[in-house]
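Trainee: Quick one: the structure is below, and I'll ask about it shortly.
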Amino acid sequence: MLRGGAASEASRFTAPKPPGYYGNARDDLVAKLPRPLGRVLDVGCGAGEVGRLLRAGGASHVAGIEIVQDAAARAAEVLDEVAVGPVEEVLGSLTGPWDTICCYDVLEHLVDPSAVLARLREQAAPGARLHVSVPNARHVSLIYDLVFRGTFGYTEWGHRDSTHLRWFTKSDIVEAIERTGWRVVSTSHPVLGLSRPLDTLTRGRSTEFLVGQWYVLATRT
C-alpha cells in the first residue's frame with residue numbers, strides 16, 4: 001500500500017545517483033538484526049530491497065518511509081505499506097507500534113536527527129530494537145582531503161554525498177541515540193577488507209579512521 005504525503009524536501013534528492021542507489025539490499029546489516037523481527041519499520045526504504053530481506057527473515061509486517069516517489073512506488077510492490085515524504089511529516093501515517101526500526105543511511109540526511117529518533121522511540125513497542133548506520137566522519141579520506149587538498153569534497157553520492165546535512169563520529173552517533181532515550185547495545189562496522197592488516201598492526205587503534213560507516217544497535221528501555 002502506497003500512502004502519499006508531502007514531499008517538499010524531495011528536490012534535495014533529485015541529483016543523479018548511480019544504478020542501484022535506491023536498491024541497496026544491505027544484507028550485512030539485516031543479518032545483524034536480532035530475531036524475531038516482528039513488525040518492522042524501514043525508514044528510507046528506497047526501492048524495497050531491504051524490505052525483501054526483512055520479510056525473508058521472518059518479519060510479520062514491513063512498512064517503509066521513502067521521500068523519492070519512484071523508489072517508493074517500487075517499494076510498495078514489496079512492503080505492506082509505504083509512506084511517501086519526509087519522515088518528519090509522514091511517520092504518523094503508518095500503523096505502529098514497531099518491534100524493529102531500521103534507519104540505514106538516513107540520519108545524516110535530516111535537519112534534526114534527534115527529533116526523529118525521539119519520535120521513533122514514541123512509536124516503538126516495549127523492548128523494540130533500533131538499528132542505525134551512518135557515514136564515519138573520522139574516515140581517513142576526509143582527513144586527507146581537508147588537510148592536503150583543502151576541500152571537504154562533496155560528491156553526488158558516497159561518503160560525502162551532497163545531500164548529507166549531519167556528520168557523526170562513533171561517539172557522536174552513540175550519544176545522539178542515547179540522548180533520545182534509547183539504550184545502545186552494540187556498535188559495529190563493515191568488514192575492513194584491505195585495511196585489516198593496518199588495523200591489526202595498530203591493535204585496533206586505527207579502526208575509527210579506516211571504517212566508512214558505523215552501525216549501532218539500540219533498544220527501547
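Letters A, B, ... go to the chains of the C-alpha cells in the order shown; residues in each chain start at 1; ligands are counted from 1 in the same order.
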When DSSP works through the backbone of this structure, what residues of chain A end up as helix (DSSP H, G or I), shown as JSON, numbers by chain?
Mentor: {"A": [10, 11, 12, 13, 21, 22, 23, 27, 28, 29, 30, 49, 50, 51, 52, 53, 54, 55, 56, 69, 70, 71, 72, 73, 74, 75, 87, 88, 89, 90, 91, 92, 93, 107, 108, 109, 113, 114, 115, 116, 117, 118, 119, 120, 121, 122, 140, 141, 142, 143, 144, 145, 146, 147, 148, 149, 170, 171, 172, 173, 174, 175, 176, 177, 178, 179, 193, 194, 195, 196, 197, 198, 199, 200, 201, 207, 208, 209, 210]}
Trainee: Using only C-alpha atoms, find each residue in segment 28-52 of chain A having at least one atom no more than 12 Å away from segment 87-92 of chain A; report its shortest atom-to-atom pair and that distance in Å (one decimal), rows by chain then rising number, as a Markdown table.
Mentor:
| residue | atom | partner | partner_atom | distance |
| --- | --- | --- | --- | --- |
| A:Leu41 | CA | A:Leu91 | CA | 9.8 |
| A:Asp42 | CA | A:Val87 | CA | 10.7 |
| A:Val43 | CA | A:Val87 | CA | 7.3 |
| A:Gly44 | CA | A:Val87 | CA | 8.2 |
| A:Cys45 | CA | A:Val87 | CA | 10.9 |
Trainee: Could you name the residues that touch segment 119-124 of chain A at 8 Å or less, counting only C-alpha atoms, but leaving out those on the same chain fewer than 3 positions away, as an mmCIF file with C-alpha atoms, in the first residue's frame?
Mentor:
data_model
loop_
_atom_site.group_PDB
_atom_site.id
_atom_site.type_symbol
_atom_site.label_atom_id
_atom_site.label_comp_id
_atom_site.auth_asym_id
_atom_site.auth_seq_id
_atom_site.Cartn_x
_atom_site.Cartn_y
_atom_site.Cartn_z
ATOM 1 C CA GLY A 96 2.772 1.119 14.540
ATOM 2 C CA PRO A 97 3.980 0.227 17.089
ATOM 3 C CA TRP A 98 7.198 -1.287 15.756
ATOM 4 C CA ASP A 99 9.324 -4.131 17.097
ATOM 5 C CA THR A 100 12.276 -3.359 14.808
ATOM 6 C CA ILE A 101 13.176 0.006 13.263
ATOM 7 C CA ALA A 115 13.851 14.846 16.976
ATOM 8 C CA VAL A 116 13.257 11.926 14.602
ATOM 9 C CA ALA A 128 11.910 -2.680 20.381
ATOM 10 C CA THR A 180 16.780 10.427 22.915
ATOM 11 C CA GLY A 181 16.019 7.620 25.347
ATOM 12 C CA TRP A 182 17.313 4.553 23.530
ATOM 13 C CA ARG A 220 13.763 0.908 23.769
#
Trainee: When distances are computed from only C-alpha atoms, which of A:Asp105, A:Glu49, A:Asp80, A:Asp145 shows the smallest separation from Ala63 of chain A?
Mentor: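 Using only C-alpha atoms, Ala63 of chain A sits closest to A:Asp80.
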Trainee: Just the strand (DSSP E or B) stuff from segment 75-220 of chain A, please, per backbone DSSP, written as number ranges by chain.
Mentor: A: 81-84, 98-104, 124-136, 155, 161, 168, 182-188, 213-220
Trainee: Glu175 of chain A: which residues within 12 Å, counting only C-alpha atoms, same-chain residues fewer than 5 positions away excluded, as a ChimeraX atom specification?
Mentor: /A:113-114,117,168-170,180-184,216,218
Trainee: Near Asp70 of chain A, counting only C-alpha atoms, which residues have an atom at most 10 Å away, once you skip same-chain residues fewer than 5 positions from it, shown as a CSV table (one decimal) with N, CA and C atoms, in the first residue's frame?
Mentor:
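For reference, result.csv as written:
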chain,number,residue,atom,x,y,z
A,22,TYR,N,19.0,3.4,-4.9
A,22,TYR,CA,17.8,3.1,-4.1
A,22,TYR,C,17.5,1.6,-4.0
A,46,GLY,N,14.0,3.1,0.3
A,46,GLY,CA,14.4,3.0,-1.1
A,46,GLY,C,13.4,2.3,-1.9
A,47,ALA,N,13.9,1.4,-2.8
A,47,ALA,CA,13.1,0.6,-3.6
A,47,ALA,C,12.6,-0.7,-3.0
A,75,ALA,N,9.0,0.2,-3.9
A,75,ALA,CA,8.9,-0.5,-2.6
A,75,ALA,C,7.5,-0.9,-2.3
A,84,VAL,N,5.1,8.1,1.6
A,84,VAL,CA,5.9,8.9,0.7
A,84,VAL,C,6.1,10.3,1.3
Trainee: Using atom CA of Val30 of chain A and atom CA of Pro190 of chain A as the two end points, give the distance in Å to one decimal.
Mentor: 12.4 Å
Trainee: Given only C-alpha atoms as the basis, pick out the residue of A:Gly64, A:Gly57, A:Gly212, A:Gly20 nearest to Leu142 of chain A.
Mentor: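 Looking only at the distances to Leu142 of chain A, the closest residue turns out to be A:Gly212.
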Trainee: Excluding Leu165 of chain A and any residue of its chain fewer than 2 positions from it, enumerate the residues within 10 Å of it, using only C-alpha atoms, and give them as number ranges by chain.
Mentor: A: 107-113, 160-163, 167
Trainee: Work out how far apart atom CA of Tyr144 of chain A and atom CA of Ser206 of chain A are and give it in Å to one decimal.
Mentor: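 One can read the atom CA of Tyr144 of chain A to atom CA of Ser206 of chain A distance as 14.7 Å.
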Trainee: Which of these, A:His164, A:Arg74, A:Arg39, A:His189, has the shortest distance to His61 of chain A once you count only C-alpha atoms?
Mentor: A:Arg39
Trainee: Restricting the calculation to only C-alpha atoms, which member of A:Ile65, A:Val185, A:Met1, A:Leu54 is positioned closest to Glu81 of chain A?
Mentor: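 Using only C-alpha atoms, the shortest distance to Glu81 of chain A belongs to A:Met1.
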Trainee: With only C-alpha atoms as the atoms that count, which of A:Leu130, A:Leu33, A:Ala76, A:Ala59 lies nearest to Val174 of chain A?
Mentor: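 For Val174 of chain A, the nearest of the given residues is A:Leu130.
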Trainee: Using only C-alpha atoms, determine which residues lie at most 7 Å from Gly51 of chain A, disregarding the query and same-chain residues fewer than 5 positions distant; provide the list as a ChimeraX atom specification.
Mentor: /A:62,78-79
Trainee: Mind writing the picked residues with C-alpha atoms as a PDB file, in the first residue's frame?
Mentor:
ATOM      1  CA  VAL A  62       7.118  -4.441   6.875  1.00  0.00           C
ATOM      2  CA  VAL A  78       7.194  -5.483  -1.821  1.00  0.00           C
ATOM      3  CA  LEU A  79       6.252  -3.867   1.501  1.00  0.00           C
TER       4      LEU A  79
END
